[in-house]
Number of protein chains: 2
Amino acid sequence: MVQQVAGARRVPLNRDRVLHAAVALADRVGIESLSMRTLAQELGVVPMALYKHVANKEELLDGMVDVIVGEIDPPETGTAWKCAIRQRILSARRAMLRHPWASRVIESRPHPTLVVFDYLNSVVGMFRAGGFSIDLTHHVMHALGSRVWGFTQEVFPGPPPPADPQQQAAVFEELARRYPYIAEIALGEAHDNGSVVGQGCDDQFEFEFALDLLLDGFERLHQQGWTSAHPS
Amino acid sequence: MVQQVAGARRVPLNRDRVLHAAVALADRVGIESLSMRTLAQELGVVPMALYKHVANKEELLDGMVDVIVGEIDPPETGTAWKCAIRQRILSARRAMLRHPWASRVIESRPHPTLVVFDYLNSVVGMFRAGGFSIDLTHHVMHALGSRVWGFTQEVFPGPPPPADPQQQAAVFEELARRYPYIAEIALGEAHDNGSVVGQGCDDQFEFEFALDLLLDGFERLHQQGWTSAHPS
DNA sequence: GGCAGAAGTGTACGGCGTACACCTCTGCGC
DNA sequence: GCGCAGAGGTGTACGCCGTACACTTCTGCC
């Protein structure tokens with residue numbers, strides 16, 4: 001598909017084109033269908049050609065993460081720390097929503113890249129600029145965990161909803177009997193959106209709920225002059 | 001190795017033995033070296049024999065998760081919700097520490113098993129028994145996220161520490177120059193433990209710090225009679 | 001015009017999950 | 001004791017994967 005018509009010179013590959021093609025392909029067919037072979041085909045090239053631009057698949061994945069991290073807005077300056085960090089993380093979240101596979105890939109990387117370090121470093125810097133101690137900043141970054149990237153692993157990944165409505169009702173009854181507490185929650189949802197089995201939490205709300213809970217907690221500790229030497 | 005001496009009848013495989021052998025093998029050689037082939041070899045059996053007991057590798061992984069979830073202590077009764085949940089989650093954490101691969105496998109499962117549902121249901125029940133509204137319980141479970149399982153994804157997975165101390169110093173200088181804020185934190189650590197590059201956060205402390213921050217936040221919202229209709 | 005190095009190719013290997021046809025062993029009804 | 005069904009275990013084979021290695025081809029420079 002990249003193959004030029006006869007006579008025209010093919011534009012040569014480079015690392016950047018490989019990375020962006022990989023991101024686009026993952027967006028289109030899912031990360032599990034992204035292989036060196038499918039990516040090569042996408043680029044109109046033989047699989048081994050890719051290895052002239054990335055060392056191996058691991059490095060390809062690292063590079064894809066870098067592309068996505070590059071989509072996160074830079075920090076707003078002149079804004080209060082809490083708001084600035086909130087905005088930044090919500091920007092990261094938008095990037096993750098654009099590339100649903102990205103969170104899984106980020107989780108899977110054994111070592112951070114320089115670009116990843118840059119992002120983390122700048123988030124740390126935002127807390128420090130807000131007057132947080134080194135000590136508190138450290139623990140607060142850990143508490144944020146993967147939420148700095150704008151995602152949370154879902155605890156209710158949800159069972160596959162059967163298409164057949166009658167079967168769906170049966171599943172729901174089984175659920176209600178075995179898992180009354182989970183059913184309660186699912187029902188609470190249903191109350192709002194009319195669906196029988198929840199299947200529709202408002203992910204954005206959940207994310208912001210937890211994020212704000214954490215940020216509020218951080219603020220409280222900061223105001224109290226918390227240090228790890230004198231916990232709580 | 002399971003092969004009996006000649007004459008003695010081989011004890012037949014069953015799903016449970018397959019699952020426990022898989023857990024033990026993953027503990028020993030790491031999850032990335034666990035394949036249907038290596039597991040079969042471990043059991044003294046041909047790879048295809050496993051398929052008589054698990055439908056496929058996905059189901060094997062699900063079953064392994066079930067084994068680990070089975071190691072989590074049952075809820076203490078007659079204890080205040082906060083303490084009971086804290087204990088339960090720390091018990092889950094101990095299970096994860098015994099099987100370092102388990103968190104990655106849990107994250108990777110696309111659908112919860114019945115055993116997983118049982119655990120989640122009982123944790124939800126502990127909040128409800130503590131007087132939490134359905135609404136608040138719902139959001140609080142999301143906020144907990146993967147922490148119900150006793151783990152957090154590390155945000156600082158740490159660069160590969162070069163063995164050579166001189167090289168290590170060079171890496172550290174580079175780190176300090178490019179990532180001053182991260183270096184600060186690493187240095188703060190170093191102050192305590194004498195190592196040049198931190199590399200040693202107290203994971204248990206970080207986990208409990210974040211967990212308690214969340215539980216305290218939950219408690220506050222509960223006491224305030226928080227509902228999603230009237231946020232904050 | 002010739003040449004070095006970069007870019008792209010072709011072939012091949014070992015590993016993976018697993019479909020499918022087969023054998024073998026075990027317990028049960030007669 | 002005999003025969004048979006079905007469960008448990010086997011062997012072969014397929015198509016995918018990442019990628020090593022040796023090669024051709026193309027490009028820009030002297």
# chains A, B, ... in the order shown; residues from 1 in each chain; ligands from 1
>>> closest_atom_pairs(of="chain A", to="chain C", cutoff="8 Å", atoms="only C-alpha atoms (C1' of nucleotides)", output="JSON lines")
{"residue": "A:Pro12", "atom": "CA", "partner": "C:DA7", "partner_atom": "C1'", "distance": 7.7}
{"residue": "A:Val45", "atom": "CA", "partner": "C:DG8", "partner_atom": "C1'", "distance": 7.8}
{"residue": "A:Val46", "atom": "CA", "partner": "C:DT9", "partner_atom": "C1'", "distance": 7.0}
{"residue": "A:Met48", "atom": "CA", "partner": "C:DT9", "partner_atom": "C1'", "distance": 7.9}
{"residue": "A:Ala49", "atom": "CA", "partner": "C:DG8", "partner_atom": "C1'", "distance": 5.6}
{"residue": "A:Lys52", "atom": "CA", "partner": "C:DA7", "partner_atom": "C1'", "distance": 7.5}
>>> select_by_dssp(residues="region 4-52 of chain A", states="alpha helix (DSSP H)", output="list of chain:residue names")
A:Arg15, A:Asp16, A:Arg17, A:Val18, A:Leu19, A:His20, A:Ala21, A:Ala22, A:Val23, A:Ala24, A:Leu25, A:Ala26, A:Asp27, A:Arg28, A:Val29, A:Met36, A:Arg37, A:Thr38, A:Leu39, A:Ala40, A:Gln41, A:Glu42
>>> interface_residues(of="chain A", to="chain D", cutoff="10 Å", atoms="only C-alpha atoms (C1' of nucleotides)", output="mmCIF file with C-alpha atoms, in the first residue's frame")
data_model
loop_
_atom_site.group_PDB
_atom_site.id
_atom_site.type_symbol
_atom_site.label_atom_id
_atom_site.label_comp_id
_atom_site.auth_asym_id
_atom_site.auth_seq_id
_atom_site.Cartn_x
_atom_site.Cartn_y
_atom_site.Cartn_z
ATOM 1 C CA SER A 35 2.886 -8.574 14.743
ATOM 2 C CA MET A 36 6.125 -7.748 13.017
ATOM 3 C CA ARG A 37 4.651 -9.490 10.002
ATOM 4 C CA PRO A 47 9.157 -8.315 7.903
ATOM 5 C CA MET A 48 12.917 -8.232 8.313
ATOM 6 C CA TYR A 51 14.677 -4.617 12.036
ATOM 7 C CA ASN A 56 13.187 -5.983 18.100
ATOM 8 C CA LYS A 57 9.535 -6.097 19.009
#
>>> interface_residues(of="chain B", to="chain A", cutoff="7 Å", atoms="only C-alpha atoms", output="MDAnalysis selection string")
chainID B and resid 110:112 118 121 124:125 134 138:139 142:143 145:146 152:155 157:159 179 181:182 184:185 206 210 213:214 217
>>> write_last_selection(atoms="C-alpha atoms", output="PDB file, in the first residue's frame")
ATOM      1  CA  PRO B 110     -10.318 -10.427  30.081  1.00  0.00           C
ATOM      2  CA  HIS B 111     -13.153 -11.941  32.117  1.00  0.00           C
ATOM      3  CA  PRO B 112     -13.476 -12.665  35.821  1.00  0.00           C
ATOM      4  CA  ASP B 118     -16.857 -14.557  44.855  1.00  0.00           C
ATOM      5  CA  ASN B 121     -18.620  -9.944  46.049  1.00  0.00           C
ATOM      6  CA  VAL B 124     -18.326  -5.436  48.442  1.00  0.00           C
ATOM      7  CA  GLY B 125     -20.235  -7.124  51.234  1.00  0.00           C
ATOM      8  CA  ILE B 134     -24.778   0.972  47.488  1.00  0.00           C
ATOM      9  CA  HIS B 138     -19.795   1.121  44.000  1.00  0.00           C
ATOM     10  CA  HIS B 139     -17.475   4.063  43.503  1.00  0.00           C
ATOM     11  CA  HIS B 142     -13.631   1.385  41.503  1.00  0.00           C
ATOM     12  CA  ALA B 143     -11.327   3.710  43.422  1.00  0.00           C
ATOM     13  CA  GLY B 145      -9.026  -0.680  41.604  1.00  0.00           C
ATOM     14  CA  SER B 146      -6.393  -3.347  41.433  1.00  0.00           C
ATOM     15  CA  THR B 152      -0.269  -1.658  42.411  1.00  0.00           C
ATOM     16  CA  GLN B 153       1.484  -1.283  39.126  1.00  0.00           C
ATOM     17  CA  GLU B 154       4.798   0.296  39.779  1.00  0.00           C
ATOM     18  CA  VAL B 155       5.252   3.667  38.182  1.00  0.00           C
ATOM     19  CA  PRO B 157       9.790   0.079  37.370  1.00  0.00           C
ATOM     20  CA  GLY B 158      13.406   1.085  37.669  1.00  0.00           C
ATOM     21  CA  PRO B 159      16.051   1.044  34.961  1.00  0.00           C
ATOM     22  CA  TYR B 179      15.517  14.137  35.717  1.00  0.00           C
ATOM     23  CA  TYR B 181      12.990  15.699  40.407  1.00  0.00           C
ATOM     24  CA  ILE B 182      13.214  11.947  40.118  1.00  0.00           C
ATOM     25  CA  GLU B 184      15.736  14.038  44.369  1.00  0.00           C
ATOM     26  CA  ILE B 185      13.445  11.211  45.333  1.00  0.00           C
ATOM     27  CA  GLU B 206       4.084   2.459  49.791  1.00  0.00           C
ATOM     28  CA  ALA B 210      -1.866   4.457  49.520  1.00  0.00           C
ATOM     29  CA  LEU B 213      -5.098   7.157  52.247  1.00  0.00           C
ATOM     30  CA  LEU B 214      -7.945   5.615  50.273  1.00  0.00           C
ATOM     31  CA  GLY B 217     -10.972   9.016  52.251  1.00  0.00           C
TER      32      GLY B 217
END
>>> residues_around(residues="region 98-102 of chain B", least_positions_apart="2", cutoff="8 Å", atoms="only C-alpha atoms (C1' of nucleotides)", output="PyMOL selection string")
chain B and resi 26-27+30-31+65+68+94-96+104-106
>>> residues_around(residues="Met64 (chain B)", least_positions_apart="5", cutoff="8 Å", atoms="only C-alpha atoms (C1' of nucleotides)", output="list in words")
Leu19, His20, Ala22 and Val23 of chain B
>>> write_last_selection(atoms="N, CA and C atoms", output="PDB file, in the first residue's frame")
ATOM      1  N   LEU B  19      -3.510 -27.512  37.510  1.00  0.00           N
ATOM      2  CA  LEU B  19      -3.487 -26.128  37.959  1.00  0.00           C
ATOM      3  C   LEU B  19      -2.379 -25.889  38.987  1.00  0.00           C
ATOM      4  N   HIS B  20      -2.297 -26.782  39.967  1.00  0.00           N
ATOM      5  CA  HIS B  20      -1.284 -26.575  41.011  1.00  0.00           C
ATOM      6  C   HIS B  20       0.126 -26.743  40.470  1.00  0.00           C
ATOM      7  N   ALA B  22       0.979 -25.977  37.493  1.00  0.00           N
ATOM      8  CA  ALA B  22       1.235 -24.757  36.720  1.00  0.00           C
ATOM      9  C   ALA B  22       1.671 -23.627  37.646  1.00  0.00           C
ATOM     10  N   VAL B  23       0.990 -23.492  38.791  1.00  0.00           N
ATOM     11  CA  VAL B  23       1.343 -22.455  39.758  1.00  0.00           C
ATOM     12  C   VAL B  23       2.773 -22.676  40.266  1.00  0.00           C
TER      13      VAL B  23
END
>>> decode(residues="region 4-29 of chain D", atoms="N, CA and C atoms (P, O5', C5', C4', C3', O3' and C1' of nucleotides)", output="PDB file, in the first residue's frame")
ATOM      1  P    DC D   4     -17.999 -56.054  21.570  1.00  0.00           P
ATOM      2  O5'  DC D   4     -18.821 -54.770  22.068  1.00  0.00           O
ATOM      3  C5'  DC D   4     -19.492 -54.797  23.326  1.00  0.00           C
ATOM      4  C4'  DC D   4     -19.299 -53.470  24.055  1.00  0.00           C
ATOM      5  C3'  DC D   4     -18.712 -52.345  23.178  1.00  0.00           C
ATOM      6  O3'  DC D   4     -19.388 -51.158  23.511  1.00  0.00           O
ATOM      7  C1'  DC D   4     -17.419 -52.568  25.106  1.00  0.00           C
ATOM      8  P    DA D   5     -19.832 -50.127  22.369  1.00  0.00           P
ATOM      9  O5'  DA D   5     -19.979 -48.766  23.190  1.00  0.00           O
ATOM     10  C5'  DA D   5     -20.789 -48.760  24.376  1.00  0.00           C
ATOM     11  C4'  DA D   5     -20.157 -47.841  25.411  1.00  0.00           C
ATOM     12  C3'  DA D   5     -19.723 -46.481  24.849  1.00  0.00           C
ATOM     13  O3'  DA D   5     -20.131 -45.488  25.767  1.00  0.00           O
ATOM     14  C1'  DA D   5     -17.893 -47.520  25.918  1.00  0.00           C
ATOM     15  P    DG D   6     -20.353 -44.008  25.302  1.00  0.00           P
ATOM     16  O5'  DG D   6     -19.408 -43.208  26.303  1.00  0.00           O
ATOM     17  C5'  DG D   6     -19.262 -43.654  27.649  1.00  0.00           C
ATOM     18  C4'  DG D   6     -17.868 -43.339  28.133  1.00  0.00           C
ATOM     19  C3'  DG D   6     -17.307 -41.996  27.622  1.00  0.00           C
ATOM     20  O3'  DG D   6     -16.686 -41.368  28.717  1.00  0.00           O
ATOM     21  C1'  DG D   6     -15.753 -43.695  27.228  1.00  0.00           C
ATOM     22  P    DA D   7     -16.671 -39.799  28.850  1.00  0.00           P
ATOM     23  O5'  DA D   7     -15.433 -39.582  29.823  1.00  0.00           O
ATOM     24  C5'  DA D   7     -15.238 -40.493  30.904  1.00  0.00           C
ATOM     25  C4'  DA D   7     -13.771 -40.821  31.057  1.00  0.00           C
ATOM     26  C3'  DA D   7     -12.853 -39.602  30.955  1.00  0.00           C
ATOM     27  O3'  DA D   7     -12.012 -39.613  32.100  1.00  0.00           O
ATOM     28  C1'  DA D   7     -12.085 -41.345  29.535  1.00  0.00           C
ATOM     29  P    DG D   8     -11.004 -38.462  32.436  1.00  0.00           P
ATOM     30  O5'  DG D   8      -9.645 -39.039  31.853  1.00  0.00           O
ATOM     31  C5'  DG D   8      -9.068 -40.178  32.473  1.00  0.00           C
ATOM     32  C4'  DG D   8      -7.820 -40.549  31.724  1.00  0.00           C
ATOM     33  C3'  DG D   8      -6.835 -39.403  31.550  1.00  0.00           C
ATOM     34  O3'  DG D   8      -5.574 -39.870  32.008  1.00  0.00           O
ATOM     35  C1'  DG D   8      -7.265 -40.439  29.462  1.00  0.00           C
ATOM     36  P    DG D   9      -4.271 -38.944  31.928  1.00  0.00           P
ATOM     37  O5'  DG D   9      -3.624 -39.427  30.550  1.00  0.00           O
ATOM     38  C5'  DG D   9      -2.943 -40.679  30.484  1.00  0.00           C
ATOM     39  C4'  DG D   9      -2.374 -40.867  29.101  1.00  0.00           C
ATOM     40  C3'  DG D   9      -1.361 -39.815  28.645  1.00  0.00           C
ATOM     41  O3'  DG D   9      -0.173 -40.477  28.226  1.00  0.00           O
ATOM     42  C1'  DG D   9      -2.994 -40.160  26.986  1.00  0.00           C
ATOM     43  P    DT D  10       0.997 -39.749  27.470  1.00  0.00           P
ATOM     44  O5'  DT D  10       0.662 -40.039  25.948  1.00  0.00           O
ATOM     45  C5'  DT D  10       0.683 -41.378  25.465  1.00  0.00           C
ATOM     46  C4'  DT D  10       0.663 -41.391  23.950  1.00  0.00           C
ATOM     47  C3'  DT D  10       1.769 -40.572  23.279  1.00  0.00           C
ATOM     48  O3'  DT D  10       2.429 -41.417  22.365  1.00  0.00           O
ATOM     49  C1'  DT D  10      -0.335 -40.024  22.346  1.00  0.00           C
ATOM     50  P    DG D  11       3.889 -41.111  21.849  1.00  0.00           P
ATOM     51  O5'  DG D  11       3.662 -40.949  20.283  1.00  0.00           O
ATOM     52  C5'  DG D  11       2.422 -41.290  19.680  1.00  0.00           C
ATOM     53  C4'  DG D  11       2.435 -40.743  18.257  1.00  0.00           C
ATOM     54  C3'  DG D  11       3.671 -39.929  17.899  1.00  0.00           C
ATOM     55  O3'  DG D  11       4.112 -40.341  16.619  1.00  0.00           O
ATOM     56  C1'  DG D  11       1.709 -38.562  17.717  1.00  0.00           C
ATOM     57  P    DT D  12       5.083 -39.494  15.681  1.00  0.00           P
ATOM     58  O5'  DT D  12       4.070 -38.575  14.869  1.00  0.00           O
ATOM     59  C5'  DT D  12       2.910 -39.163  14.277  1.00  0.00           C
ATOM     60  C4'  DT D  12       2.242 -38.124  13.397  1.00  0.00           C
ATOM     61  C3'  DT D  12       3.205 -37.184  12.682  1.00  0.00           C
ATOM     62  O3'  DT D  12       2.747 -37.012  11.348  1.00  0.00           O
ATOM     63  C1'  DT D  12       1.652 -35.924  13.911  1.00  0.00           C
ATOM     64  P    DA D  13       3.561 -36.138  10.246  1.00  0.00           P
ATOM     65  O5'  DA D  13       2.662 -34.826  10.199  1.00  0.00           O
ATOM     66  C5'  DA D  13       1.244 -34.954  10.144  1.00  0.00           C
ATOM     67  C4'  DA D  13       0.640 -33.568  10.247  1.00  0.00           C
ATOM     68  C3'  DA D  13       1.465 -32.499   9.521  1.00  0.00           C
ATOM     69  O3'  DA D  13       0.613 -31.821   8.601  1.00  0.00           O
ATOM     70  C1'  DA D  13       0.969 -31.815  11.738  1.00  0.00           C
ATOM     71  P    DC D  14       1.132 -30.645   7.658  1.00  0.00           P
ATOM     72  O5'  DC D  14       0.403 -29.387   8.309  1.00  0.00           O
ATOM     73  C5'  DC D  14      -1.011 -29.425   8.534  1.00  0.00           C
ATOM     74  C4'  DC D  14      -1.421 -28.104   9.135  1.00  0.00           C
ATOM     75  C3'  DC D  14      -0.714 -26.918   8.480  1.00  0.00           C
ATOM     76  O3'  DC D  14      -1.650 -25.924   8.117  1.00  0.00           O
ATOM     77  C1'  DC D  14      -0.380 -26.884  10.827  1.00  0.00           C
ATOM     78  P    DG D  15      -1.221 -24.827   7.002  1.00  0.00           P
ATOM     79  O5'  DG D  15      -1.469 -23.457   7.793  1.00  0.00           O
ATOM     80  C5'  DG D  15      -2.483 -23.359   8.793  1.00  0.00           C
ATOM     81  C4'  DG D  15      -2.049 -22.327   9.809  1.00  0.00           C
ATOM     82  C3'  DG D  15      -1.292 -21.136   9.202  1.00  0.00           C
ATOM     83  O3'  DG D  15      -1.801 -19.950   9.785  1.00  0.00           O
ATOM     84  C1'  DG D  15      -0.028 -22.080  10.933  1.00  0.00           C
ATOM     85  P    DC D  16      -1.440 -18.515   9.174  1.00  0.00           P
ATOM     86  O5'  DC D  16      -0.575 -17.870  10.345  1.00  0.00           O
ATOM     87  C5'  DC D  16      -1.128 -17.146  11.384  1.00  0.00           C
ATOM     88  C4'  DC D  16      -0.242 -17.300  12.590  1.00  0.00           C
ATOM     89  C3'  DC D  16       0.945 -16.352  12.620  1.00  0.00           C
ATOM     90  O3'  DC D  16       0.530 -15.067  13.085  1.00  0.00           O
ATOM     91  C1'  DC D  16       1.462 -18.500  13.549  1.00  0.00           C
ATOM     92  P    DC D  17       1.411 -13.797  12.799  1.00  0.00           P
ATOM     93  O5'  DC D  17       2.593 -13.932  13.871  1.00  0.00           O
ATOM     94  C5'  DC D  17       2.265 -13.978  15.257  1.00  0.00           C
ATOM     95  C4'  DC D  17       3.479 -14.428  16.022  1.00  0.00           C
ATOM     96  C3'  DC D  17       4.729 -13.624  15.717  1.00  0.00           C
ATOM     97  O3'  DC D  17       4.714 -12.460  16.513  1.00  0.00           O
ATOM     98  C1'  DC D  17       5.215 -15.971  15.878  1.00  0.00           C
ATOM     99  P    DG D  18       5.590 -11.240  16.046  1.00  0.00           P
ATOM    100  O5'  DG D  18       7.044 -11.700  16.538  1.00  0.00           O
ATOM    101  C5'  DG D  18       7.315 -11.802  17.928  1.00  0.00           C
ATOM    102  C4'  DG D  18       8.737 -12.268  18.128  1.00  0.00           C
ATOM    103  C3'  DG D  18       9.804 -11.311  17.613  1.00  0.00           C
ATOM    104  O3'  DG D  18      10.881 -11.308  18.533  1.00  0.00           O
ATOM    105  C1'  DG D  18      10.027 -13.384  16.510  1.00  0.00           C
ATOM    106  P    DT D  19      12.076 -10.276  18.295  1.00  0.00           P
ATOM    107  O5'  DT D  19      13.035 -11.065  17.288  1.00  0.00           O
ATOM    108  C5'  DT D  19      13.809 -12.141  17.763  1.00  0.00           C
ATOM    109  C4'  DT D  19      14.575 -12.755  16.621  1.00  0.00           C
ATOM    110  C3'  DT D  19      15.465 -11.775  15.820  1.00  0.00           C
ATOM    111  O3'  DT D  19      16.720 -12.376  15.619  1.00  0.00           O
ATOM    112  C1'  DT D  19      14.240 -13.089  14.395  1.00  0.00           C
ATOM    113  P    DA D  20      17.994 -11.733  16.350  1.00  0.00           P
ATOM    114  O5'  DA D  20      19.147 -12.734  15.859  1.00  0.00           O
ATOM    115  C5'  DA D  20      19.076 -14.104  16.207  1.00  0.00           C
ATOM    116  C4'  DA D  20      19.763 -14.939  15.143  1.00  0.00           C
ATOM    117  C3'  DA D  20      20.967 -14.275  14.489  1.00  0.00           C
ATOM    118  O3'  DA D  20      21.982 -15.261  14.308  1.00  0.00           O
ATOM    119  C1'  DA D  20      19.360 -14.814  12.828  1.00  0.00           C
ATOM    120  P    DC D  21      23.487 -14.814  13.950  1.00  0.00           P
ATOM    121  O5'  DC D  21      23.595 -15.091  12.382  1.00  0.00           O
ATOM    122  C5'  DC D  21      22.899 -16.189  11.816  1.00  0.00           C
ATOM    123  C4'  DC D  21      23.008 -16.117  10.300  1.00  0.00           C
ATOM    124  C3'  DC D  21      24.112 -15.183   9.781  1.00  0.00           C
ATOM    125  O3'  DC D  21      24.710 -15.783   8.655  1.00  0.00           O
ATOM    126  C1'  DC D  21      22.080 -14.551   8.848  1.00  0.00           C
ATOM    127  P    DA D  22      26.213 -15.342   8.190  1.00  0.00           P
ATOM    128  O5'  DA D  22      26.101 -15.580   6.625  1.00  0.00           O
ATOM    129  C5'  DA D  22      25.202 -16.576   6.131  1.00  0.00           C
ATOM    130  C4'  DA D  22      24.557 -16.082   4.856  1.00  0.00           C
ATOM    131  C3'  DA D  22      25.502 -15.274   3.956  1.00  0.00           C
ATOM    132  O3'  DA D  22      25.370 -15.719   2.606  1.00  0.00           O
ATOM    133  C1'  DA D  22      23.538 -14.041   4.348  1.00  0.00           C
ATOM    134  P    DC D  23      26.341 -15.069   1.439  1.00  0.00           P
ATOM    135  O5'  DC D  23      25.332 -14.059   0.701  1.00  0.00           O
ATOM    136  C5'  DC D  23      24.501 -14.544  -0.333  1.00  0.00           C
ATOM    137  C4'  DC D  23      23.507 -13.466  -0.703  1.00  0.00           C
ATOM    138  C3'  DC D  23      24.128 -12.167  -1.227  1.00  0.00           C
ATOM    139  O3'  DC D  23      24.648 -12.250  -2.563  1.00  0.00           O
ATOM    140  C1'  DC D  23      22.261 -11.732   0.197  1.00  0.00           C
ATOM    141  P    DT D  24      23.915 -12.274  -3.916  1.00  0.00           P
ATOM    142  O5'  DT D  24      22.912 -11.040  -3.911  1.00  0.00           O
ATOM    143  C5'  DT D  24      21.668 -11.191  -4.600  1.00  0.00           C
ATOM    144  C4'  DT D  24      20.819  -9.971  -4.349  1.00  0.00           C
ATOM    145  C3'  DT D  24      21.048  -8.828  -5.353  1.00  0.00           C
ATOM    146  O3'  DT D  24      19.791  -8.484  -5.873  1.00  0.00           O
ATOM    147  C1'  DT D  24      21.068  -8.016  -3.153  1.00  0.00           C
ATOM    148  P    DT D  25      19.778  -7.663  -7.262  1.00  0.00           P
ATOM    149  O5'  DT D  25      19.367  -6.199  -6.782  1.00  0.00           O
ATOM    150  C5'  DT D  25      18.213  -6.030  -5.986  1.00  0.00           C
ATOM    151  C4'  DT D  25      18.277  -4.657  -5.355  1.00  0.00           C
ATOM    152  C3'  DT D  25      18.644  -3.529  -6.328  1.00  0.00           C
ATOM    153  O3'  DT D  25      17.732  -2.488  -6.100  1.00  0.00           O
ATOM    154  C1'  DT D  25      19.927  -3.374  -4.390  1.00  0.00           C
ATOM    155  P    DC D  26      17.393  -1.483  -7.319  1.00  0.00           P
ATOM    156  O5'  DC D  26      16.879  -0.183  -6.559  1.00  0.00           O
ATOM    157  C5'  DC D  26      16.765  -0.209  -5.115  1.00  0.00           C
ATOM    158  C4'  DC D  26      17.706   0.798  -4.492  1.00  0.00           C
ATOM    159  C3'  DC D  26      18.012   2.053  -5.317  1.00  0.00           C
ATOM    160  O3'  DC D  26      17.304   3.128  -4.717  1.00  0.00           O
ATOM    161  C1'  DC D  26      19.898   1.281  -4.088  1.00  0.00           C
ATOM    162  P    DT D  27      17.509   4.617  -5.227  1.00  0.00           P
ATOM    163  O5'  DT D  27      18.711   5.127  -4.310  1.00  0.00           O
ATOM    164  C5'  DT D  27      18.537   5.173  -2.885  1.00  0.00           C
ATOM    165  C4'  DT D  27      19.635   6.062  -2.312  1.00  0.00           C
ATOM    166  C3'  DT D  27      19.887   7.324  -3.122  1.00  0.00           C
ATOM    167  O3'  DT D  27      19.999   8.415  -2.229  1.00  0.00           O
ATOM    168  C1'  DT D  27      21.897   6.072  -2.918  1.00  0.00           C
ATOM    169  P    DG D  28      20.119   9.906  -2.803  1.00  0.00           P
ATOM    170  O5'  DG D  28      21.513  10.382  -2.206  1.00  0.00           O
ATOM    171  C5'  DG D  28      21.935   9.905  -0.923  1.00  0.00           C
ATOM    172  C4'  DG D  28      23.424  10.122  -0.746  1.00  0.00           C
ATOM    173  C3'  DG D  28      23.953  11.447  -1.298  1.00  0.00           C
ATOM    174  O3'  DG D  28      24.934  11.921  -0.389  1.00  0.00           O
ATOM    175  C1'  DG D  28      25.079   9.666  -2.356  1.00  0.00           C
ATOM    176  P    DC D  29      25.660  13.304  -0.526  1.00  0.00           P
ATOM    177  O5'  DC D  29      27.186  12.884  -0.758  1.00  0.00           O
ATOM    178  C5'  DC D  29      27.794  11.955   0.159  1.00  0.00           C
ATOM    179  C4'  DC D  29      29.140  11.514  -0.383  1.00  0.00           C
ATOM    180  C3'  DC D  29      30.002  12.645  -0.947  1.00  0.00           C
ATOM    181  O3'  DC D  29      31.315  12.523  -0.411  1.00  0.00           O
ATOM    182  C1'  DC D  29      29.804  10.912  -2.536  1.00  0.00           C
TER     183       DC D  29
END
